[in-house]
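Printed here is query.pdb (PDB, C-alpha atoms (C1' of nucleotides)):
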```pdb
ATOM      1  CA  MET A   1      48.599 -70.676   8.624
ATOM      2  CA  VAL A   2      48.506 -73.870   6.645
ATOM      3  CA  ILE A   3      45.061 -74.796   5.447
ATOM      4  CA  GLU A   4      44.574 -78.432   4.612
ATOM      5  CA  ILE A   5      41.743 -79.332   2.273
ATOM      6  CA  ASP A   6      40.886 -82.949   1.554
ATOM      7  CA  PHE A   7      39.294 -83.155  -1.864
ATOM      8  CA  ASN A   8      38.411 -86.812  -1.290
ATOM      9  CA  SER A   9      36.494 -86.054   1.898
ATOM     10  CA  ASP A  10      32.719 -86.243   1.848
ATOM     11  CA  GLU A  11      32.662 -83.052   3.895
ATOM     12  CA  ALA A  12      31.840 -79.938   1.896
ATOM     13  CA  LEU A  13      34.836 -77.793   0.990
ATOM     14  CA  TYR A  14      33.383 -74.649   2.538
ATOM     15  CA  LEU A  15      32.776 -76.544   5.813
ATOM     16  CA  GLN A  16      36.309 -77.933   5.869
ATOM     17  CA  LEU A  17      37.519 -74.390   5.390
ATOM     18  CA  ARG A  18      35.261 -73.085   8.152
ATOM     19  CA  ASN A  19      36.461 -75.789  10.551
ATOM     20  CA  GLN A  20      40.123 -75.197   9.780
ATOM     21  CA  ILE A  21      39.766 -71.508  10.504
ATOM     22  CA  ILE A  22      37.947 -72.136  13.791
ATOM     23  CA  LEU A  23      40.709 -74.598  14.688
ATOM     24  CA  GLY A  24      43.226 -71.918  13.733
ATOM     25  CA  ILE A  25      41.626 -69.409  16.080
ATOM     26  CA  ALA A  26      41.453 -71.916  18.931
ATOM     27  CA  THR A  27      45.129 -72.792  18.543
ATOM     28  CA  SER A  28      46.128 -69.125  18.456
ATOM     29  CA  GLN A  29      47.323 -69.220  14.882
ATOM     30  CA  PHE A  30      44.825 -66.444  14.261
ATOM     31  CA  HIS A  31      44.270 -63.650  16.734
ATOM     32  CA  GLU A  32      41.538 -61.101  17.266
ATOM     33  CA  GLY A  33      42.044 -58.383  14.671
ATOM     34  CA  ASP A  34      44.010 -60.505  12.213
ATOM     35  CA  SER A  35      42.917 -60.356   8.606
ATOM     36  CA  LEU A  36      42.225 -63.528   6.688
ATOM     37  CA  PRO A  37      43.407 -63.711   3.089
ATOM     38  CA  SER A  38      40.997 -62.192   0.585
ATOM     39  CA  VAL A  39      38.489 -64.573  -0.947
ATOM     40  CA  ARG A  40      40.303 -64.431  -4.280
ATOM     41  CA  GLN A  41      43.761 -64.951  -2.772
ATOM     42  CA  LEU A  42      42.737 -67.886  -0.641
ATOM     43  CA  ALA A  43      40.766 -69.426  -3.480
ATOM     44  CA  GLU A  44      43.788 -69.316  -5.739
ATOM     45  CA  LEU A  45      46.089 -70.560  -2.980
ATOM     46  CA  ILE A  46      43.950 -73.624  -2.297
ATOM     47  CA  GLY A  47      42.901 -74.098  -5.875
ATOM     48  CA  ILE A  48      39.145 -73.749  -5.423
ATOM     49  CA  ASN A  49      36.516 -71.311  -6.532
ATOM     50  CA  MET A  50      36.197 -67.842  -5.074
ATOM     51  CA  HIS A  51      32.559 -68.429  -4.141
ATOM     52  CA  THR A  52      33.403 -71.460  -2.057
ATOM     53  CA  VAL A  53      35.755 -69.361   0.068
ATOM     54  CA  ASN A  54      33.175 -66.616   0.209
ATOM     55  CA  LYS A  55      30.608 -69.090   1.518
ATOM     56  CA  ALA A  56      32.981 -70.195   4.285
ATOM     57  CA  TYR A  57      33.565 -66.563   5.263
ATOM     58  CA  THR A  58      29.848 -65.865   5.194
ATOM     59  CA  VAL A  59      29.196 -68.787   7.545
ATOM     60  CA  LEU A  60      32.000 -67.635   9.863
ATOM     61  CA  LYS A  61      30.478 -64.170   9.897
ATOM     62  CA  GLN A  62      27.042 -65.611  10.613
ATOM     63  CA  GLU A  63      28.460 -67.665  13.486
ATOM     64  CA  GLY A  64      30.297 -64.737  15.026
ATOM     65  CA  PHE A  65      33.934 -65.546  14.295
ATOM     66  CA  VAL A  66      34.793 -62.814  11.826
ATOM     67  CA  LYS A  67      33.568 -59.443  10.724
ATOM     68  CA  VAL A  68      33.935 -58.409   7.163
ATOM     69  CA  ASP A  69      35.455 -55.048   6.421
ATOM     70  CA  ARG A  70      35.493 -53.767   2.884
ATOM     71  CA  ARG A  71      38.999 -52.434   3.415
ATOM     72  CA  LYS A  72      40.648 -55.206   5.420
ATOM     73  CA  GLY A  73      38.607 -58.159   4.208
ATOM     74  CA  ALA A  74      37.571 -60.795   6.738
ATOM     75  CA  VAL A  75      38.881 -59.864  10.176
ATOM     76  CA  ILE A  76      38.870 -62.205  13.165
ATOM     77  CA  ALA A  77      36.324 -60.787  15.591
ATOM     78  CA  ILE A  78      34.765 -63.123  18.113
ATOM     79  CA  ASP A  79      31.234 -62.361  19.121
ATOM     80  CA  VAL A  80      31.024 -64.090  22.491
ATOM     81  CA  ASP A  81      27.459 -65.206  23.000
ATOM     82  CA  LYS A  82      27.936 -67.840  25.675
ATOM     83  CA  LEU A  83      24.334 -68.791  26.243
ATOM     84  CA  ARG A  84      23.645 -69.279  22.576
ATOM     85  CA  THR A  85      26.893 -71.167  22.070
ATOM     86  CA  LEU A  86      26.250 -73.424  25.055
ATOM     87  CA  GLU A  87      22.902 -74.402  23.609
ATOM     88  CA  GLU A  88      24.493 -75.261  20.266
ATOM     89  CA  ILE A  89      27.270 -77.233  21.939
ATOM     90  CA  ARG A  90      24.761 -79.126  24.059
ATOM     91  CA  LYS A  91      22.834 -80.201  20.993
ATOM     92  CA  ASP A  92      26.013 -81.313  19.224
ATOM     93  CA  LEU A  93      27.201 -83.235  22.278
ATOM     94  CA  GLN A  94      23.883 -84.989  22.782
ATOM     95  CA  VAL A  95      24.213 -87.204  19.725
ATOM     96  CA  ILE A  96      27.963 -87.725  20.089
ATOM     97  CA  LEU A  97      27.664 -88.782  23.724
ATOM     98  CA  ALA A  98      24.707 -91.022  22.958
ATOM     99  CA  LYS A  99      26.948 -92.765  20.475
ATOM    100  CA  SER A 100      29.826 -93.070  22.925
ATOM    101  CA  SER A 101      27.524 -94.288  25.689
ATOM    102  CA  CYS A 102      26.156 -97.027  23.425
ATOM    103  CA  LYS A 103      29.700 -98.103  22.669
ATOM    104  CA  ASN A 104      30.557 -98.514  26.333
ATOM    105  CA  ILE A 105      32.771 -95.464  26.576
ATOM    106  CA  SER A 106      32.713 -94.188  30.127
ATOM    107  CA  LYS A 107      32.124 -90.629  31.248
ATOM    108  CA  GLU A 108      35.667 -90.584  32.586
ATOM    109  CA  GLU A 109      37.122 -91.505  29.218
ATOM    110  CA  ILE A 110      35.241 -88.595  27.657
ATOM    111  CA  HIS A 111      36.538 -86.251  30.336
ATOM    112  CA  GLU A 112      40.086 -87.348  29.576
ATOM    113  CA  LEU A 113      39.509 -86.774  25.893
ATOM    114  CA  ILE A 114      38.175 -83.294  26.617
ATOM    115  CA  ASP A 115      41.247 -82.447  28.683
ATOM    116  CA  GLU A 116      43.585 -83.721  25.998
ATOM    117  CA  ILE A 117      41.959 -81.636  23.300
ATOM    118  CA  TYR A 118      41.456 -78.541  25.419
ATOM    119  CA  GLU A 119      45.139 -78.548  26.276
ATOM    120  CA  GLU A 120      45.876 -77.443  22.728
ATOM    121  CA  TYR A 121      43.399 -74.613  22.955
ATOM    122  CA  GLY A 122      44.822 -71.850  25.064
ATOM    123  CA  GLY A 123      41.718 -69.752  25.044
ATOM    124  CA  LEU A 124      41.663 -66.172  23.844
ATOM    125  CA  GLU A 125      44.319 -63.721  24.970
TER     126      GLU A 125
ATOM    127  CA  MET B   1       9.353 -95.055  21.421
ATOM    128  CA  VAL B   2       8.326 -91.713  20.078
ATOM    129  CA  ILE B   3      10.278 -90.656  17.031
ATOM    130  CA  GLU B   4      10.279 -86.953  16.316
ATOM    131  CA  ILE B   5      11.022 -85.859  12.791
ATOM    132  CA  ASP B   6      11.363 -82.185  11.914
ATOM    133  CA  PHE B   7      10.440 -81.694   8.295
ATOM    134  CA  ASN B   8      11.625 -78.094   8.431
ATOM    135  CA  SER B   9      15.090 -79.061   9.619
ATOM    136  CA  ASP B  10      17.992 -78.791   7.226
ATOM    137  CA  GLU B  11      19.208 -82.141   8.528
ATOM    138  CA  ALA B  12      18.454 -85.084   6.252
ATOM    139  CA  LEU B  13      15.474 -87.205   7.304
ATOM    140  CA  TYR B  14      17.477 -90.419   7.383
ATOM    141  CA  LEU B  15      20.074 -88.783   9.642
ATOM    142  CA  GLN B  16      17.425 -87.449  12.010
ATOM    143  CA  LEU B  17      16.057 -90.968  12.171
ATOM    144  CA  ARG B  18      19.509 -92.437  12.796
ATOM    145  CA  ASN B  19      20.176 -89.940  15.588
ATOM    146  CA  GLN B  20      16.826 -90.524  17.255
ATOM    147  CA  ILE B  21      17.428 -94.248  17.347
ATOM    148  CA  ILE B  22      20.932 -93.852  18.791
ATOM    149  CA  LEU B  23      19.434 -91.504  21.391
ATOM    150  CA  GLY B  24      16.780 -94.138  22.051
ATOM    151  CA  ILE B  25      19.405 -96.801  22.688
ATOM    152  CA  ALA B  26      21.426 -94.509  24.950
ATOM    153  CA  THR B  27      18.358 -93.653  27.029
ATOM    154  CA  SER B  28      17.406 -97.325  27.338
ATOM    155  CA  GLN B  29      14.216 -96.975  25.347
ATOM    156  CA  PHE B  30      15.677 -99.646  23.100
ATOM    157  CA  HIS B  31      17.567-102.620  24.461
ATOM    158  CA  GLU B  32      19.944-105.143  22.996
ATOM    159  CA  GLY B  33      17.847-107.684  21.132
ATOM    160  CA  ASP B  34      14.829-105.427  20.598
ATOM    161  CA  SER B  35      13.412-105.279  17.110
ATOM    162  CA  LEU B  36      12.840-101.975  15.422
ATOM    163  CA  PRO B  37       9.658-101.530  13.386
ATOM    164  CA  SER B  38       9.888-102.811   9.844
ATOM    165  CA  VAL B  39      10.944-100.301   7.235
ATOM    166  CA  ARG B  40       7.435-100.198   5.806
ATOM    167  CA  GLN B  41       5.730 -99.853   9.183
ATOM    168  CA  LEU B  42       8.000 -97.065  10.384
ATOM    169  CA  ALA B  43       7.777 -95.295   7.051
ATOM    170  CA  GLU B  44       3.994 -95.250   7.224
ATOM    171  CA  LEU B  45       4.020 -94.258  10.898
ATOM    172  CA  ILE B  46       6.227 -91.234  10.271
ATOM    173  CA  GLY B  47       4.799 -90.467   6.870
ATOM    174  CA  ILE B  48       7.955 -90.812   4.826
ATOM    175  CA  ASN B  49       9.188 -93.131   2.149
ATOM    176  CA  MET B  50      10.224 -96.703   2.838
ATOM    177  CA  HIS B  51      13.645 -96.146   1.292
ATOM    178  CA  THR B  52      14.430 -93.279   3.623
ATOM    179  CA  VAL B  53      13.878 -95.540   6.619
ATOM    180  CA  ASN B  54      15.869 -98.267   4.919
ATOM    181  CA  LYS B  55      18.763 -95.874   4.464
ATOM    182  CA  ALA B  56      18.721 -94.994   8.158
ATOM    183  CA  TYR B  57      18.751 -98.706   9.057
ATOM    184  CA  THR B  58      21.578 -99.348   6.617
ATOM    185  CA  VAL B  59      23.656 -96.594   8.214
ATOM    186  CA  LEU B  60      22.913 -97.936  11.692
ATOM    187  CA  LYS B  61      24.003-101.379  10.547
ATOM    188  CA  GLN B  62      27.165 -99.937   9.020
ATOM    189  CA  GLU B  63      27.948 -98.126  12.274
ATOM    190  CA  GLY B  64      27.384-101.195  14.426
ATOM    191  CA  PHE B  65      24.133-100.365  16.212
ATOM    192  CA  VAL B  66      21.807-102.938  14.662
ATOM    193  CA  LYS B  67      21.951-106.202  12.816
ATOM    194  CA  VAL B  68      19.380-106.985  10.234
ATOM    195  CA  ASP B  69      17.611-110.307  10.408
ATOM    196  CA  ARG B  70      15.280-111.324   7.632
ATOM    197  CA  ARG B  71      12.873-112.735  10.194
ATOM    198  CA  LYS B  72      12.977-110.129  12.932
ATOM    199  CA  GLY B  73      13.889-107.077  10.888
ATOM    200  CA  ALA B  74      16.384-104.604  12.342
ATOM    201  CA  VAL B  75      17.509-105.808  15.753
ATOM    202  CA  ILE B  76      19.478-103.707  18.213
ATOM    203  CA  ALA B  77      22.935-105.260  18.403
ATOM    204  CA  ILE B  78      25.814-103.083  19.518
ATOM    205  CA  ASP B  79      29.171-103.848  18.037
ATOM    206  CA  VAL B  80      31.518-102.376  20.621
ATOM    207  CA  ASP B  81      34.645-101.211  18.858
ATOM    208  CA  LYS B  82      36.027 -98.814  21.424
ATOM    209  CA  LEU B  83      39.231 -97.819  19.698
ATOM    210  CA  ARG B  84      37.498 -97.026  16.464
ATOM    211  CA  THR B  85      34.696 -95.180  18.238
ATOM    212  CA  LEU B  86      37.140 -93.154  20.338
ATOM    213  CA  GLU B  87      38.882 -91.971  17.209
ATOM    214  CA  GLU B  88      35.572 -90.883  15.668
ATOM    215  CA  ILE B  89      34.516 -89.135  18.864
ATOM    216  CA  ARG B  90      37.874 -87.361  19.112
ATOM    217  CA  LYS B  91      37.498 -85.980  15.607
ATOM    218  CA  ASP B  92      33.963 -84.791  16.306
ATOM    219  CA  LEU B  93      34.979 -83.174  19.573
ATOM    220  CA  GLN B  94      37.940 -81.368  18.046
ATOM    221  CA  VAL B  95      35.825 -78.932  16.063
ATOM    222  CA  ILE B  96      33.136 -78.553  18.712
ATOM    223  CA  LEU B  97      35.676 -77.764  21.427
ATOM    224  CA  ALA B  98      37.564 -75.390  19.161
ATOM    225  CA  LYS B  99      34.307 -73.537  18.774
ATOM    226  CA  SER B 100      33.589 -73.500  22.505
ATOM    227  CA  SER B 101      37.149 -72.416  23.283
ATOM    228  CA  CYS B 102      36.857 -69.463  20.895
ATOM    229  CA  LYS B 103      33.633 -68.462  22.611
ATOM    230  CA  ASN B 104      35.273 -68.353  26.043
ATOM    231  CA  ILE B 105      33.628 -71.473  27.370
ATOM    232  CA  SER B 106      35.865 -73.028  29.983
ATOM    233  CA  LYS B 107      36.941 -76.626  30.187
ATOM    234  CA  GLU B 108      34.999 -76.892  33.440
ATOM    235  CA  GLU B 109      31.783 -75.752  31.790
ATOM    236  CA  ILE B 110      32.213 -78.474  29.184
ATOM    237  CA  HIS B 111      32.801 -81.050  31.888
ATOM    238  CA  GLU B 112      29.587 -79.997  33.599
ATOM    239  CA  LEU B 113      27.726 -80.262  30.318
ATOM    240  CA  ILE B 114      29.114 -83.749  29.766
ATOM    241  CA  ASP B 115      27.998 -84.837  33.229
ATOM    242  CA  GLU B 116      24.529 -83.425  32.696
ATOM    243  CA  ILE B 117      24.055 -85.238  29.415
ATOM    244  CA  TYR B 118      25.675 -88.471  30.517
ATOM    245  CA  GLU B 119      23.340 -88.601  33.484
ATOM    246  CA  GLU B 120      20.517 -89.420  31.095
ATOM    247  CA  TYR B 121      22.508 -92.215  29.518
ATOM    248  CA  GLY B 122      22.623 -95.130  31.906
ATOM    249  CA  GLY B 123      24.922 -97.177  29.779
ATOM    250  CA  LEU B 124      24.021-100.631  28.506
ATOM    251  CA  GLU B 125      22.542-103.200  30.838
TER     252      GLU B 125
ATOM    253  C1'  DA C   1      42.521 -39.502 -12.365
ATOM    254  C1'  DC C   2      43.617 -44.258 -12.973
ATOM    255  C1'  DA C   3      44.383 -48.994 -12.247
ATOM    256  C1'  DT C   4      43.920 -52.373  -8.781
ATOM    257  C1'  DC C   5      42.387 -54.357  -5.060
ATOM    258  C1'  DT C   6      38.358 -55.467  -1.785
ATOM    259  C1'  DG C   7      33.537 -57.871  -0.746
ATOM    260  C1'  DT C   8      29.013 -58.514  -2.849
ATOM    261  C1'  DT C   9      25.576 -59.916  -6.061
ATOM    262  C1'  DA C  10      23.539 -62.177 -10.105
ATOM    263  C1'  DT C  11      23.107 -65.796 -13.348
ATOM    264  C1'  DA C  12      24.082 -70.112 -15.284
ATOM    265  C1'  DG C  13      25.604 -74.939 -15.613
ATOM    266  C1'  DC C  14      27.026 -79.422 -13.801
ATOM    267  C1'  DA C  15      27.366 -83.207 -10.449
ATOM    268  C1'  DA C  16      26.046 -85.422  -6.315
ATOM    269  C1'  DT C  17      22.714 -86.186  -2.762
ATOM    270  C1'  DA C  18      18.051 -86.640  -0.612
ATOM    271  C1'  DA C  19      13.612 -88.148  -1.065
ATOM    272  C1'  DT C  20       9.964 -90.039  -3.511
ATOM    273  C1'  DA C  21       7.378 -93.597  -6.396
ATOM    274  C1'  DT C  22       6.731 -98.270  -8.511
ATOM    275  C1'  DA C  23       8.017-102.572  -8.968
ATOM    276  C1'  DA C  24       9.884-106.922  -8.423
ATOM    277  C1'  DC C  25      12.408-110.874  -5.902
ATOM    278  C1'  DA C  26      13.554-114.290  -2.254
ATOM    279  C1'  DG C  27      13.214-115.780   2.397
ATOM    280  C1'  DT C  28      10.099-116.391   6.630
ATOM    281  C1'  DC C  29       5.991-117.486   9.086
ATOM    282  C1'  DG C  30       1.225-118.709  10.387
TER     283       DG C  30
ATOM    284  C1'  DC D   1      -1.028-120.110  -0.032
ATOM    285  C1'  DG D   2      -0.956-115.347   1.593
ATOM    286  C1'  DA D   3       1.106-111.886   4.187
ATOM    287  C1'  DC D   4       4.888-110.285   5.901
ATOM    288  C1'  DT D   5      10.190-109.361   5.993
ATOM    289  C1'  DG D   6      14.678-106.996   3.833
ATOM    290  C1'  DT D   7      16.815-106.131  -0.624
ATOM    291  C1'  DT D   8      17.463-104.477  -5.193
ATOM    292  C1'  DA D   9      16.549-101.917  -9.439
ATOM    293  C1'  DT D  10      14.990 -97.990 -11.994
ATOM    294  C1'  DA D  11      13.201 -93.381 -12.642
ATOM    295  C1'  DT D  12      11.942 -88.684 -11.306
ATOM    296  C1'  DT D  13      12.153 -84.404  -8.740
ATOM    297  C1'  DA D  14      14.267 -81.006  -5.673
ATOM    298  C1'  DT D  15      18.123 -79.354  -3.249
ATOM    299  C1'  DT D  16      22.881 -78.591  -2.425
ATOM    300  C1'  DG D  17      27.808 -77.948  -3.472
ATOM    301  C1'  DC D  18      30.940 -76.223  -6.610
ATOM    302  C1'  DT D  19      32.354 -73.915 -10.553
ATOM    303  C1'  DA D  20      32.379 -70.150 -14.158
ATOM    304  C1'  DT D  21      31.760 -65.566 -15.846
ATOM    305  C1'  DA D  22      30.438 -61.143 -15.153
ATOM    306  C1'  DA D  23      29.429 -56.898 -13.212
ATOM    307  C1'  DC D  24      29.133 -53.250  -9.366
ATOM    308  C1'  DA D  25      30.602 -50.042  -5.610
ATOM    309  C1'  DG D  26      33.882 -48.858  -2.140
ATOM    310  C1'  DA D  27      38.795 -48.445  -0.771
ATOM    311  C1'  DT D  28      43.844 -47.975  -1.820
ATOM    312  C1'  DG D  29      48.217 -46.700  -3.829
ATOM    313  C1'  DT D  30      50.674 -44.451  -7.496
TER     314       DT D  30
END
```
Translate the structure of the given file into structure tokens.
Amino acid sequence: MVIEIDFNSDEALYLQLRNQIILGIATSQFHEGDSLPSVRQLAELIGINMHTVNKAYTVLKQEGFVKVDRRKGAVIAIDVDKLRTLEEIRKDLQVILAKSSCKNISKEEIHELIDEIYEEYGGLE
Amino acid sequence: MVIEIDFNSDEALYLQLRNQIILGIATSQFHEGDSLPSVRQLAELIGINMHTVNKAYTVLKQEGFVKVDRRKGAVIAIDVDKLRTLEEIRKDLQVILAKSSCKNISKEEIHELIDEIYEEYGGLE
DNA sequence: ACATCTGTTATAGCAATAATATAACAGTCG
DNA sequence: CGACTGTTATATTATTGCTATAACAGATGT
């Protein structure tokens, strides 16, 4: 998988990395059981520090996207906790939808946007 | 309007303030033309520094939610730039929906969530 | 056994950001 | 004139993000 890091972004490197990997799972570029590159490999590949990659992996572990095995490194392993996730999503959506509502974006336009994006995400299989 | 600030949150105070005000506009607690409290008043009310409030107002101005008048202070004034806003929303949704997709949350569940939240946002009037 | 890889932990330094504290300035209003 | 407005400047402190170097224990392949 190609990981794109924008060094001019104001978003933290470890968060960009986290997001890219979640995107990668959603778009089936990573599958349950796949190993991610080791922290040292990926760090060298991208050209950033080992600890920055390690922080991204730690967050992904914390959020239930990977499990870390001392032999295989970081392995994709989704911990499906729907209730918890729904609560997080709701909180994220609240501010975003407030913004869109203020800017006269209709509910229907949001629904269309959702469909467009979700089309790329096949779900787990 | 009641502004709730969580001093234990890891979210920056000025961002909490920004979000609360956007929420306030979406839920019609603030209307086009309303004045927000002055930076010094609101700072004292919440118990934070004047500059933190000023930063929140500056961001809101930058994002097209208020205009600052030297006489009336920060006045709610929505600059509707739909195309620009849609692009921002799309980018925000991309990561959130990737996350929900990984966690086996269906498109329909997201749609329901959208409807629930949007119900509280009457739109501008 | 040995070298090499893995994640993990510790410590340190540097830069940017968040928040605070004073202070001053110019425009507005009663 | 006095009291308010936003704005700007400067300084300090704490936190965060990122890097650098180093070491440790477990796993792997030769």
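When the PyMOL selection byres ((chain C) within 12 of (chain A)) is run on the displayed coordinates, the residues it returns are DC5, DT6, DG7, DT8, DT9, DA16 and DT17 of chain C.
One distance worth recording is that between atom CA of A:Gln41 and atom CA of B:Val95, which is 24.8 Å.
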Using all atoms listed in the file, what residues lie at most 10 Å away from (29.7, -82.7, 29.0) (file coordinates), given as a short mmCIF file (atom, residue, chain, number, x, y, z; two decimals) with C-alpha atoms, in the coordinates of the input?
```
data_model
loop_
_atom_site.label_atom_id
_atom_site.label_comp_id
_atom_site.auth_asym_id
_atom_site.auth_seq_id
_atom_site.Cartn_x
_atom_site.Cartn_y
_atom_site.Cartn_z
CA ILE A 89 27.27 -77.23 21.94
CA ARG A 90 24.76 -79.13 24.06
CA LEU A 93 27.20 -83.24 22.28
CA GLN A 94 23.88 -84.99 22.78
CA LEU A 97 27.66 -88.78 23.72
CA LYS A 107 32.12 -90.63 31.25
CA ILE A 110 35.24 -88.60 27.66
CA HIS A 111 36.54 -86.25 30.34
CA ILE A 114 38.17 -83.29 26.62
CA LYS B 107 36.94 -76.63 30.19
CA GLU B 108 35.00 -76.89 33.44
CA GLU B 109 31.78 -75.75 31.79
CA ILE B 110 32.21 -78.47 29.18
CA HIS B 111 32.80 -81.05 31.89
CA GLU B 112 29.59 -80.00 33.60
CA LEU B 113 27.73 -80.26 30.32
CA ILE B 114 29.11 -83.75 29.77
CA ASP B 115 28.00 -84.84 33.23
CA GLU B 116 24.53 -83.42 32.70
CA ILE B 117 24.06 -85.24 29.42
CA TYR B 118 25.68 -88.47 30.52
CA GLU B 119 23.34 -88.60 33.48
#
```
Find the residues in chain A near chain D: any atom within 9 Å counts, using all atoms listed in the file. Write them as a tab-separated table (two decimals) with C-alpha atoms, in the frame of the given file.
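Written file, result_6.tsv:
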```
chain	number	residue	atom	x	y	z
A	12	ALA	CA	31.84	-79.94	1.90
A	13	LEU	CA	34.84	-77.79	0.99
A	14	TYR	CA	33.38	-74.65	2.54
A	48	ILE	CA	39.15	-73.75	-5.42
A	49	ASN	CA	36.52	-71.31	-6.53
A	51	HIS	CA	32.56	-68.43	-4.14
A	52	THR	CA	33.40	-71.46	-2.06
A	70	ARG	CA	35.49	-53.77	2.88
A	71	ARG	CA	39.00	-52.43	3.42
```
Please evaluate the PyMOL selection byres ((chain B) within 6 of (chain A)) against the displayed coordinates and give the resulting residues as a short mmCIF file (atom, residue, chain, number, x, y, z; two decimals) with C-alpha atoms, in the frame of the given file.
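Printed below is expr-v4.cif as written:
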```
data_model
loop_
_atom_site.label_atom_id
_atom_site.label_comp_id
_atom_site.auth_asym_id
_atom_site.auth_seq_id
_atom_site.Cartn_x
_atom_site.Cartn_y
_atom_site.Cartn_z
CA LEU B 23 19.43 -91.50 21.39
CA ALA B 26 21.43 -94.51 24.95
CA VAL B 80 31.52 -102.38 20.62
CA ALA B 98 37.56 -75.39 19.16
CA SER B 101 37.15 -72.42 23.28
CA CYS B 102 36.86 -69.46 20.90
CA LYS B 103 33.63 -68.46 22.61
CA GLY B 123 24.92 -97.18 29.78
#
```
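Atom CA of A:Leu15 sits 26.4 Å away from atom CA of B:Tyr57.
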Quiz prompt | Atom pair atom CA of B:Pro37 / atom C1' of C:DG30: separation (Å) | solution = 19.4 Å
Practice problem: Name the residues that the PyMOL selection byres ((chain B and resi 66) around 6) picks from the file above, as a PyMOL selection string, using the file's chain letters and numbers. | Solution: chain B and resi 60-61+64-65+67+75-77
Calculate, to one decimal in Å, the centre and edge lengths of the box along x, y and z of the file that holds all listed atoms of stretch 9-22 of chain D with 6 Å of margin on each side, and present them as AutoDock Vina command-line options.
```
--center_x 22.2 --center_y -81.5 --center_z -9.1 --size_x 32.4 --size_y 52.8 --size_z 25.4
```
Some atoms are missing, so please complete stretch 22-33 of chain A with N, CA and C atoms and return it as a PDB file, in the frame of the given file.
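The resulting selection_10.pdb:
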```
ATOM      1  N   ILE A  22      38.312 -72.101  12.373  1.00  0.00           N
ATOM      2  CA  ILE A  22      37.947 -72.136  13.791  1.00  0.00           C
ATOM      3  C   ILE A  22      39.050 -72.827  14.592  1.00  0.00           C
ATOM      4  N   LEU A  23      39.575 -73.922  14.051  1.00  0.00           N
ATOM      5  CA  LEU A  23      40.709 -74.598  14.688  1.00  0.00           C
ATOM      6  C   LEU A  23      41.891 -73.637  14.810  1.00  0.00           C
ATOM      7  N   GLY A  24      42.120 -72.864  13.745  1.00  0.00           N
ATOM      8  CA  GLY A  24      43.226 -71.918  13.733  1.00  0.00           C
ATOM      9  C   GLY A  24      43.086 -70.852  14.800  1.00  0.00           C
ATOM     10  N   ILE A  25      41.853 -70.410  15.034  1.00  0.00           N
ATOM     11  CA  ILE A  25      41.626 -69.409  16.080  1.00  0.00           C
ATOM     12  C   ILE A  25      41.858 -70.039  17.448  1.00  0.00           C
ATOM     13  N   ALA A  26      41.338 -71.247  17.629  1.00  0.00           N
ATOM     14  CA  ALA A  26      41.453 -71.916  18.931  1.00  0.00           C
ATOM     15  C   ALA A  26      42.907 -72.196  19.289  1.00  0.00           C
ATOM     16  N   THR A  27      43.726 -72.470  18.274  1.00  0.00           N
ATOM     17  CA  THR A  27      45.129 -72.792  18.543  1.00  0.00           C
ATOM     18  C   THR A  27      46.025 -71.567  18.411  1.00  0.00           C
ATOM     19  N   SER A  28      45.392 -70.397  18.446  1.00  0.00           N
ATOM     20  CA  SER A  28      46.128 -69.125  18.456  1.00  0.00           C
ATOM     21  C   SER A  28      46.980 -68.895  17.213  1.00  0.00           C
ATOM     22  N   GLN A  29      46.619 -69.530  16.127  1.00  0.00           N
ATOM     23  CA  GLN A  29      47.323 -69.220  14.882  1.00  0.00           C
ATOM     24  C   GLN A  29      46.724 -67.976  14.247  1.00  0.00           C
ATOM     25  N   PHE A  30      45.473 -67.702  14.620  1.00  0.00           N
ATOM     26  CA  PHE A  30      44.825 -66.444  14.261  1.00  0.00           C
ATOM     27  C   PHE A  30      44.456 -65.732  15.557  1.00  0.00           C
ATOM     28  N   HIS A  31      44.606 -64.424  15.551  1.00  0.00           N
ATOM     29  CA  HIS A  31      44.270 -63.650  16.734  1.00  0.00           C
ATOM     30  C   HIS A  31      43.242 -62.587  16.393  1.00  0.00           C
ATOM     31  N   GLU A  32      42.511 -62.186  17.404  1.00  0.00           N
ATOM     32  CA  GLU A  32      41.538 -61.101  17.266  1.00  0.00           C
ATOM     33  C   GLU A  32      42.176 -59.940  16.505  1.00  0.00           C
ATOM     34  N   GLY A  33      41.541 -59.514  15.432  1.00  0.00           N
ATOM     35  CA  GLY A  33      42.044 -58.383  14.671  1.00  0.00           C
ATOM     36  C   GLY A  33      42.828 -58.781  13.437  1.00  0.00           C
TER      37      GLY A  33
END
```
